[in-house]
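model_9.cif (mmCIF, C-alpha atoms, pLDDT in the B column; chains and numbers go by the auth columns)
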```
data_my_file
loop_
_atom_site.group_PDB
_atom_site.id
_atom_site.type_symbol
_atom_site.label_atom_id
_atom_site.label_comp_id
_atom_site.label_asym_id
_atom_site.label_seq_id
_atom_site.Cartn_x
_atom_site.Cartn_y
_atom_site.Cartn_z
_atom_site.B_iso_or_equiv
_atom_site.auth_seq_id
_atom_site.auth_asym_id
ATOM 1 C CA ILE A 1 -65.114 52.381 -85.651 96.00 1435 A
ATOM 2 C CA GLN A 2 -61.354 52.845 -85.673 98.00 1436 A
ATOM 3 C CA TYR A 3 -58.893 49.970 -86.083 98.00 1437 A
ATOM 4 C CA ARG A 4 -55.330 49.595 -84.801 97.00 1438 A
ATOM 5 C CA ALA A 5 -52.959 46.771 -85.633 97.00 1439 A
ATOM 6 C CA PHE A 6 -49.889 45.399 -83.878 97.00 1440 A
ATOM 7 C CA GLU A 7 -47.251 42.979 -85.133 96.00 1441 A
ATOM 8 C CA GLY A 8 -44.788 40.975 -83.078 94.00 1442 A
ATOM 9 C CA HIS A 9 -44.274 41.590 -79.373 92.00 1443 A
ATOM 10 C CA LEU A 10 -47.331 42.952 -77.557 94.00 1444 A
ATOM 11 C CA SER A 11 -46.770 45.491 -74.788 94.00 1445 A
ATOM 12 C CA ASP A 12 -48.232 45.046 -71.309 93.00 1446 A
ATOM 13 C CA ASP A 13 -50.543 48.007 -71.941 94.00 1447 A
ATOM 14 C CA THR A 14 -51.917 46.366 -75.094 95.00 1448 A
ATOM 15 C CA LEU A 15 -52.234 42.979 -73.373 94.00 1449 A
ATOM 16 C CA ARG A 16 -54.074 44.586 -70.434 94.00 1450 A
ATOM 17 C CA GLU A 17 -56.570 46.247 -72.742 95.00 1451 A
ATOM 18 C CA VAL A 18 -57.211 43.064 -74.740 96.00 1452 A
ATOM 19 C CA ALA A 19 -57.310 40.938 -71.564 94.00 1453 A
ATOM 20 C CA HIS A 20 -60.189 43.017 -70.222 94.00 1454 A
ATOM 21 C CA VAL A 21 -62.301 42.465 -73.358 95.00 1455 A
ATOM 22 C CA ALA A 22 -61.244 38.806 -73.636 93.00 1456 A
ATOM 23 C CA GLY A 23 -62.251 38.267 -70.015 92.00 1457 A
ATOM 24 C CA LEU A 24 -65.662 39.808 -70.619 91.00 1458 A
ATOM 25 C CA LEU A 25 -66.184 37.582 -73.666 91.00 1459 A
ATOM 26 C CA VAL A 26 -65.181 34.262 -72.066 87.00 1460 A
ATOM 27 C CA THR A 27 -66.708 34.734 -68.624 85.00 1461 A
ATOM 28 C CA PRO A 28 -70.145 33.083 -68.400 83.00 1462 A
ATOM 29 C CA ALA A 29 -73.023 35.409 -67.498 81.00 1463 A
ATOM 30 C CA GLY A 30 -73.512 35.685 -63.741 85.00 1464 A
ATOM 31 C CA THR A 31 -69.956 34.555 -63.028 88.00 1465 A
ATOM 32 C CA PRO A 32 -67.373 37.014 -61.694 86.00 1466 A
ATOM 33 C CA MET A 33 -64.385 37.696 -63.937 85.00 1467 A
ATOM 34 C CA ARG A 34 -61.034 36.358 -62.792 89.00 1468 A
ATOM 35 C CA GLU A 35 -58.162 38.714 -62.075 89.00 1469 A
ATOM 36 C CA LEU A 36 -57.070 40.676 -65.136 89.00 1470 A
ATOM 37 C CA SER A 37 -53.554 39.271 -64.708 91.00 1471 A
ATOM 38 C CA SER A 38 -54.831 35.736 -65.400 91.00 1472 A
ATOM 39 C CA TYR A 39 -56.257 36.826 -68.763 93.00 1473 A
ATOM 40 C CA MET A 40 -53.016 38.652 -69.560 93.00 1474 A
ATOM 41 C CA GLU A 41 -51.061 35.471 -68.828 93.00 1475 A
ATOM 42 C CA TRP A 42 -53.455 33.484 -71.043 92.00 1476 A
ATOM 43 C CA LEU A 43 -52.758 35.903 -73.916 94.00 1477 A
ATOM 44 C CA ARG A 44 -48.991 35.742 -73.310 94.00 1478 A
ATOM 45 C CA ILE A 45 -49.144 31.936 -73.501 93.00 1479 A
ATOM 46 C CA GLU A 46 -51.156 32.131 -76.742 92.00 1480 A
ATOM 47 C CA VAL A 47 -48.386 34.075 -78.516 94.00 1481 A
ATOM 48 C CA ALA A 48 -45.293 32.697 -76.760 94.00 1482 A
ATOM 49 C CA GLY A 49 -42.760 31.146 -79.091 94.00 1483 A
ATOM 50 C CA HIS A 50 -44.506 32.226 -82.291 96.00 1484 A
ATOM 51 C CA ARG A 51 -42.467 33.958 -84.968 96.00 1485 A
ATOM 52 C CA TRP A 52 -45.455 35.859 -86.349 97.00 1486 A
ATOM 53 C CA VAL A 53 -48.033 37.548 -84.135 97.00 1487 A
ATOM 54 C CA TYR A 54 -50.718 39.875 -85.436 98.00 1488 A
ATOM 55 C CA LEU A 55 -53.356 41.672 -83.391 98.00 1489 A
ATOM 56 C CA VAL A 56 -56.019 44.013 -84.718 98.00 1490 A
ATOM 57 C CA LEU A 57 -58.223 46.021 -82.361 98.00 1491 A
ATOM 58 C CA ALA A 58 -61.558 47.769 -82.965 98.00 1492 A
ATOM 59 C CA TYR A 59 -62.427 50.919 -81.018 98.00 1493 A
ATOM 60 C CA ASP A 60 -65.707 52.746 -80.713 97.00 1494 A
ATOM 61 C CA GLY A 61 -64.374 56.128 -79.674 96.00 1495 A
ATOM 62 C CA ASP A 62 -61.911 55.370 -76.862 95.00 1496 A
ATOM 63 C CA THR A 63 -63.520 52.028 -75.975 96.00 1497 A
ATOM 64 C CA LEU A 64 -62.065 48.752 -77.194 97.00 1498 A
ATOM 65 C CA VAL A 65 -65.023 46.727 -78.482 98.00 1499 A
ATOM 66 C CA GLY A 66 -63.359 43.907 -80.392 97.00 1500 A
ATOM 67 C CA TYR A 67 -60.121 42.178 -81.253 97.00 1501 A
ATOM 68 C CA LYS A 68 -58.633 39.444 -83.418 97.00 1502 A
ATOM 69 C CA LEU A 69 -55.357 37.765 -82.493 97.00 1503 A
ATOM 70 C CA GLY A 70 -53.396 35.325 -84.622 97.00 1504 A
ATOM 71 C CA ARG A 71 -50.052 33.588 -84.569 97.00 1505 A
ATOM 72 C CA SER A 72 -47.756 31.274 -86.481 97.00 1506 A
ATOM 73 C CA LYS A 73 -44.472 29.413 -86.302 97.00 1507 A
ATOM 74 C CA ASP A 74 -44.895 28.143 -89.880 95.00 1508 A
ATOM 75 C CA PRO A 75 -44.311 30.467 -92.867 95.00 1509 A
ATOM 76 C CA ARG A 76 -47.089 28.684 -94.834 96.00 1510 A
ATOM 77 C CA SER A 77 -50.059 28.830 -92.461 96.00 1511 A
ATOM 78 C CA PHE A 78 -51.410 31.311 -89.944 97.00 1512 A
ATOM 79 C CA GLU A 79 -53.797 30.540 -87.100 97.00 1513 A
ATOM 80 C CA SER A 80 -56.477 33.024 -86.179 96.00 1514 A
ATOM 81 C CA SER A 81 -56.524 31.948 -82.542 91.00 1515 A
ATOM 82 C CA LEU A 82 -58.605 34.362 -80.457 94.00 1516 A
ATOM 83 C CA GLY A 83 -61.041 37.161 -80.941 94.00 1517 A
ATOM 84 C CA GLY A 84 -64.466 38.551 -80.416 94.00 1518 A
ATOM 85 C CA VAL A 85 -66.688 41.600 -80.312 96.00 1519 A
ATOM 86 C CA LEU A 86 -68.489 42.816 -77.208 96.00 1520 A
ATOM 87 C CA PRO A 87 -72.262 42.186 -77.333 94.00 1521 A
ATOM 88 C CA GLN A 88 -73.156 45.887 -77.368 95.00 1522 A
ATOM 89 C CA ALA A 89 -71.047 46.402 -80.515 96.00 1523 A
ATOM 90 C CA ARG A 90 -72.197 43.393 -82.530 94.00 1524 A
ATOM 91 C CA ARG A 91 -74.073 43.395 -85.846 93.00 1525 A
ATOM 92 C CA ARG A 92 -72.095 46.391 -87.104 95.00 1526 A
ATOM 93 C CA GLY A 93 -69.608 44.555 -89.342 95.00 1527 A
ATOM 94 C CA ILE A 94 -66.764 44.758 -86.829 97.00 1528 A
ATOM 95 C CA ALA A 95 -65.972 41.021 -86.795 96.00 1529 A
ATOM 96 C CA TRP A 96 -65.951 41.010 -90.601 96.00 1530 A
ATOM 97 C CA GLU A 97 -63.569 43.968 -90.731 97.00 1531 A
ATOM 98 C CA LEU A 98 -61.247 42.469 -88.107 98.00 1532 A
ATOM 99 C CA ALA A 99 -61.125 39.238 -90.124 97.00 1533 A
ATOM 100 C CA GLU A 100 -60.566 41.149 -93.367 97.00 1534 A
ATOM 101 C CA ARG A 101 -57.648 43.093 -91.921 98.00 1535 A
ATOM 102 C CA GLN A 102 -56.082 39.922 -90.554 98.00 1536 A
ATOM 103 C CA GLU A 103 -56.479 38.134 -93.881 97.00 1537 A
ATOM 104 C CA GLN A 104 -54.951 41.015 -95.837 97.00 1538 A
ATOM 105 C CA TRP A 105 -51.992 41.109 -93.443 97.00 1539 A
ATOM 106 C CA CYS A 106 -51.538 37.327 -93.855 97.00 1540 A
ATOM 107 C CA LYS A 107 -51.508 37.660 -97.637 97.00 1541 A
ATOM 108 C CA ALA A 108 -48.961 40.494 -97.433 96.00 1542 A
ATOM 109 C CA GLN A 109 -46.721 38.260 -95.294 96.00 1543 A
ATOM 110 C CA GLY A 110 -46.939 35.465 -97.861 96.00 1544 A
ATOM 111 C CA PHE A 111 -48.977 32.966 -95.848 97.00 1545 A
ATOM 112 C CA GLN A 112 -50.729 30.393 -98.029 97.00 1546 A
ATOM 113 C CA TYR A 113 -53.383 29.212 -95.563 97.00 1547 A
ATOM 114 C CA LEU A 114 -55.415 30.692 -92.766 97.00 1548 A
ATOM 115 C CA PHE A 115 -57.108 28.468 -90.227 97.00 1549 A
ATOM 116 C CA THR A 116 -59.187 28.839 -87.120 96.00 1550 A
ATOM 117 C CA GLU A 117 -61.067 26.686 -84.648 94.00 1551 A
ATOM 118 C CA THR A 118 -64.252 27.359 -82.751 92.00 1552 A
ATOM 119 C CA LYS A 119 -66.747 25.570 -80.571 91.00 1553 A
ATOM 120 C CA TYR A 120 -69.350 23.647 -82.559 91.00 1554 A
ATOM 121 C CA ASP A 121 -72.183 25.777 -81.141 91.00 1555 A
ATOM 122 C CA ASN A 122 -70.612 29.171 -81.942 90.00 1556 A
ATOM 123 C CA ARG A 123 -72.926 29.744 -84.899 92.00 1557 A
ATOM 124 C CA PRO A 124 -72.046 33.416 -85.485 90.00 1558 A
ATOM 125 C CA MET A 125 -68.340 32.544 -85.815 92.00 1559 A
ATOM 126 C CA LEU A 126 -69.010 29.520 -88.008 95.00 1560 A
ATOM 127 C CA MET A 127 -71.289 31.568 -90.275 94.00 1561 A
ATOM 128 C CA LEU A 128 -68.749 34.390 -90.515 94.00 1562 A
ATOM 129 C CA ASN A 129 -66.016 31.930 -91.463 95.00 1563 A
ATOM 130 C CA LEU A 130 -68.169 30.231 -94.112 96.00 1564 A
ATOM 131 C CA LYS A 131 -69.219 33.602 -95.584 95.00 1565 A
ATOM 132 C CA ARG A 132 -65.533 34.594 -95.733 96.00 1566 A
ATOM 133 C CA GLY A 133 -64.683 31.542 -97.829 95.00 1567 A
ATOM 134 C CA PHE A 134 -63.448 29.109 -95.201 96.00 1568 A
ATOM 135 C CA TYR A 135 -64.442 25.493 -95.385 95.00 1569 A
ATOM 136 C CA ILE A 136 -64.912 23.044 -92.546 96.00 1570 A
ATOM 137 C CA ALA A 137 -61.808 20.864 -92.520 96.00 1571 A
ATOM 138 C CA GLY A 138 -62.784 18.694 -89.585 94.00 1572 A
ATOM 139 C CA THR A 139 -63.819 18.375 -85.973 93.00 1573 A
ATOM 140 C CA TYR A 140 -62.198 17.055 -82.815 92.00 1574 A
ATOM 141 C CA LEU A 141 -62.822 16.805 -79.093 92.00 1575 A
ATOM 142 C CA SER A 142 -60.872 19.398 -77.145 83.00 1576 A
ATOM 143 C CA ARG A 143 -59.838 18.070 -73.753 79.00 1577 A
ATOM 144 C CA GLY A 144 -61.918 15.032 -74.617 75.00 1578 A
ATOM 145 C CA GLU A 145 -65.228 16.798 -74.079 76.00 1579 A
ATOM 146 C CA HIS A 146 -65.667 20.010 -76.109 86.00 1580 A
ATOM 147 C CA LEU A 147 -66.395 19.557 -79.815 92.00 1581 A
ATOM 148 C CA LYS A 148 -64.335 21.968 -81.908 93.00 1582 A
ATOM 149 C CA VAL A 149 -64.702 22.770 -85.601 95.00 1583 A
ATOM 150 C CA ARG A 150 -61.590 23.512 -87.646 96.00 1584 A
ATOM 151 C CA CYS A 151 -62.043 25.898 -90.572 96.00 1585 A
ATOM 152 C CA GLU A 152 -59.425 26.542 -93.244 97.00 1586 A
ATOM 153 C CA LYS A 153 -59.006 28.925 -96.142 97.00 1587 A
ATOM 154 C CA ALA A 154 -56.432 29.043 -98.925 97.00 1588 A
ATOM 155 C CA LEU A 155 -55.011 32.537 -99.393 96.00 1589 A
ATOM 156 C CA THR A 156 -53.497 31.914 -102.817 86.00 1590 A
ATOM 157 C CA ALA A 157 -55.467 31.140 -105.958 72.00 1591 A
ATOM 158 C CA ASN A 158 -53.388 28.024 -106.698 60.00 1592 A
ATOM 159 C CA ASP A 159 -54.361 26.460 -103.392 49.00 1593 A
ATOM 160 C CA ALA A 160 -58.023 27.474 -103.265 49.00 1594 A
ATOM 161 C CA ASP A 161 -59.323 24.080 -104.380 50.00 1595 A
ATOM 162 C CA ALA A 162 -56.714 21.831 -102.751 48.00 1596 A
ATOM 163 C CA PRO A 163 -58.137 19.454 -100.158 48.00 1597 A
ATOM 164 C CA SER A 164 -56.629 19.715 -96.683 47.00 1598 A
ATOM 165 C CA ALA A 165 -54.989 16.259 -96.846 41.00 1599 A
ATOM 166 C CA GLU A 166 -52.947 17.235 -99.914 40.00 1600 A
ATOM 167 C CA ARG A 167 -51.200 20.115 -98.191 35.00 1601 A
#
```
How does this structure look as structure tokens?
Amino acid sequence: IQYRAFEGHLSDDTLREVAHVAGLLVTPAGTPMRELSSYMEWLRIEVAGHRWVYLVLAYDGDTLVGYKLGRSKDPRSFESSLGGVLPQARRRGIAWELAERQEQWCKAQGFQYLFTETKYDNRPMLMLNLKRGFYIAGTYLSRGEHLKVRCEKALTANDADAPSAER
């Protein structure tokens, strides 16, 4: 597996490539994918107005098989907002490596906290986050109907034991 990282503005070519994989990952089985342009617009909206944007891609040969996208407006905390690995490439450590590369980049930029949110029933993502040292900081209803779990991780030793409310 080869990895490529991008910081800041993402080109249309990069967005197109990620949009294809993102579309495959979010489209329910048996449902046709929407137009690629709609996934590209979704990704543009995700990063719009953020000072820091970091994207890391995983390739198996020439095929993009996974990605991890994060963003921030705040110099203290970074949100790992989107990502995934295609089913045929799972259980090979790719998600772990994508997360590791993102975390190392965040530390190099001086971020103190990393956070992410996922659906309550996304067990593989929850387990990965817990194994990587995140803790569950809370839950909420997204759009009033989808239970989301917020996970947080301190990136500096001084903050590792600080409860969320004290930050």
Give me the residues near Cys1585 in chain A as a PDB file with C-alpha atoms, in the frame of the given file, where near means some atom within 12 Å (using all atoms listed in the file) and where sequence neighbours in that chain fewer than 3 positions away do not count.
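Result saved to around00.pdb:
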```
ATOM      1  CA  PHE A1512     -51.410  31.311 -89.944  1.00 97.00           C
ATOM      2  CA  GLU A1513     -53.797  30.540 -87.100  1.00 97.00           C
ATOM      3  CA  SER A1514     -56.477  33.024 -86.179  1.00 96.00           C
ATOM      4  CA  SER A1515     -56.524  31.948 -82.542  1.00 91.00           C
ATOM      5  CA  TYR A1547     -53.383  29.212 -95.563  1.00 97.00           C
ATOM      6  CA  LEU A1548     -55.415  30.692 -92.766  1.00 97.00           C
ATOM      7  CA  PHE A1549     -57.108  28.468 -90.227  1.00 97.00           C
ATOM      8  CA  THR A1550     -59.187  28.839 -87.120  1.00 96.00           C
ATOM      9  CA  GLU A1551     -61.067  26.686 -84.648  1.00 94.00           C
ATOM     10  CA  THR A1552     -64.252  27.359 -82.751  1.00 92.00           C
ATOM     11  CA  LYS A1553     -66.747  25.570 -80.571  1.00 91.00           C
ATOM     12  CA  TYR A1554     -69.350  23.647 -82.559  1.00 91.00           C
ATOM     13  CA  MET A1559     -68.340  32.544 -85.815  1.00 92.00           C
ATOM     14  CA  LEU A1560     -69.010  29.520 -88.008  1.00 95.00           C
ATOM     15  CA  MET A1561     -71.289  31.568 -90.275  1.00 94.00           C
ATOM     16  CA  LEU A1562     -68.749  34.390 -90.515  1.00 94.00           C
ATOM     17  CA  ASN A1563     -66.016  31.930 -91.463  1.00 95.00           C
ATOM     18  CA  LEU A1564     -68.169  30.231 -94.112  1.00 96.00           C
ATOM     19  CA  LYS A1565     -69.219  33.602 -95.584  1.00 95.00           C
ATOM     20  CA  ARG A1566     -65.533  34.594 -95.733  1.00 96.00           C
ATOM     21  CA  GLY A1567     -64.683  31.542 -97.829  1.00 95.00           C
ATOM     22  CA  PHE A1568     -63.448  29.109 -95.201  1.00 96.00           C
ATOM     23  CA  TYR A1569     -64.442  25.493 -95.385  1.00 95.00           C
ATOM     24  CA  ILE A1570     -64.912  23.044 -92.546  1.00 96.00           C
ATOM     25  CA  ALA A1571     -61.808  20.864 -92.520  1.00 96.00           C
ATOM     26  CA  GLY A1572     -62.784  18.694 -89.585  1.00 94.00           C
ATOM     27  CA  THR A1573     -63.819  18.375 -85.973  1.00 93.00           C
ATOM     28  CA  TYR A1574     -62.198  17.055 -82.815  1.00 92.00           C
ATOM     29  CA  LYS A1582     -64.335  21.968 -81.908  1.00 93.00           C
ATOM     30  CA  ALA A1588     -56.432  29.043 -98.925  1.00 97.00           C
ATOM     31  CA  SER A1598     -56.629  19.715 -96.683  1.00 47.00           C
TER      32      SER A1598
END
```
Once you add 6 Å to each side, what are the centre and edge lengths of the axis-aligned box holding all listed atoms of range 1513-1530 of chain A? One decimal in Å, as AutoDock Vina command-line options, if you can.
```
--center_x -63.9 --center_y 38.5 --center_z -83.9 --size_x 32.3 --size_y 27.9 --size_z 25.4
```
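Taking all atoms listed in the file into account, the residues near (-70.7, 45.8, -85.1), no farther than 12 Å, are Ile1435, Gln1436, Ala1492, Tyr1493, Asp1494, Val1499, Gly1500, Tyr1501, Gly1518, Val1519, Leu1520, Pro1521, Gln1522, Ala1523, Arg1524, Arg1525, Arg1526, Gly1527, Ile1528, Ala1529, Trp1530, Glu1531 and Leu1532 of chain A.
If you look at CA of Leu1503 in chain A and CA of Leu1589 in chain A, they are 17.7 Å away from each other.
Against the coordinates shown, the PyMOL selection byres ((chain A and resi 1489) around 7) returns Ala1439, Phe1440, Glu1441, Val1487, Tyr1488, Val1490, Leu1491, Lys1502, Leu1503 and Gly1504 of chain A.
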Give me a file of those residues, with C-alpha atoms, as a compact mmCIF listing (two decimals), in the coordinates of the input.
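Resulting contents of out-v6.txt:
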```
# COMPACT_ATOMS: atom_id res chain seq x y z
CA ALA A 1439 -52.96 46.77 -85.63
CA PHE A 1440 -49.89 45.40 -83.88
CA GLU A 1441 -47.25 42.98 -85.13
CA VAL A 1487 -48.03 37.55 -84.14
CA TYR A 1488 -50.72 39.88 -85.44
CA VAL A 1490 -56.02 44.01 -84.72
CA LEU A 1491 -58.22 46.02 -82.36
CA LYS A 1502 -58.63 39.44 -83.42
CA LEU A 1503 -55.36 37.76 -82.49
CA GLY A 1504 -53.40 35.33 -84.62
```
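With all atoms listed in the file as the atoms that count, the residue of A:Gln1543, A:Thr1465, A:Ser1511, A:Gln1538 with the shortest distance to Glu1586 in chain A is A:Ser1511.
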Which of A:Arg1438, A:Ala1453, A:Pro1462, A:Leu1444 sits closest to Gly1517 in chain A [using all atoms listed in the file]: A:Ala1453
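Atom to atom, CA of Ile1479 in chain A and CA of Pro1509 in chain A stand 20.0 Å apart.
Among the candidates A:Arg1468, A:Arg1510, A:His1454, A:His1443, the residue lying nearest to His1484 in chain A is A:His1443 (atoms considered: all atoms listed in the file).
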Shell around Val1452 in chain A at 9 Å using all atoms listed in the file, local window under 3 positions removed, as a PyMOL selection string: chain A and resi 1447-1449+1455-1457+1473-1474+1477+1491+1498+1500-1501
Taking C-alpha atoms for each residue, export the selection above as a PDB file, keeping the file's coordinate frame.
```
ATOM      1  CA  ASP A1447     -50.543  48.007 -71.941  1.00 94.00           C
ATOM      2  CA  THR A1448     -51.917  46.366 -75.094  1.00 95.00           C
ATOM      3  CA  LEU A1449     -52.234  42.979 -73.373  1.00 94.00           C
ATOM      4  CA  VAL A1455     -62.301  42.465 -73.358  1.00 95.00           C
ATOM      5  CA  ALA A1456     -61.244  38.806 -73.636  1.00 93.00           C
ATOM      6  CA  GLY A1457     -62.251  38.267 -70.015  1.00 92.00           C
ATOM      7  CA  TYR A1473     -56.257  36.826 -68.763  1.00 93.00           C
ATOM      8  CA  MET A1474     -53.016  38.652 -69.560  1.00 93.00           C
ATOM      9  CA  LEU A1477     -52.758  35.903 -73.916  1.00 94.00           C
ATOM     10  CA  LEU A1491     -58.223  46.021 -82.361  1.00 98.00           C
ATOM     11  CA  LEU A1498     -62.065  48.752 -77.194  1.00 97.00           C
ATOM     12  CA  GLY A1500     -63.359  43.907 -80.392  1.00 97.00           C
ATOM     13  CA  TYR A1501     -60.121  42.178 -81.253  1.00 97.00           C
TER      14      TYR A1501
END
```
Nearest residue to Asp1508 in chain A from the set A:Gln1546, A:Asn1556, A:Ser1471, A:Gln1536 (distances using all atoms listed in the file): A:Gln1546
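The two atoms in question, CA of Asp1446 in chain A and CA of Glu1469 in chain A, are spaced 15.0 Å apart.
With only C-alpha atoms as the atoms that count, the minimum distance from Gly1544 in chain A to the choices A:Arg1505, A:Leu1581, A:Thr1590, A:Tyr1437 is reached by A:Thr1590.
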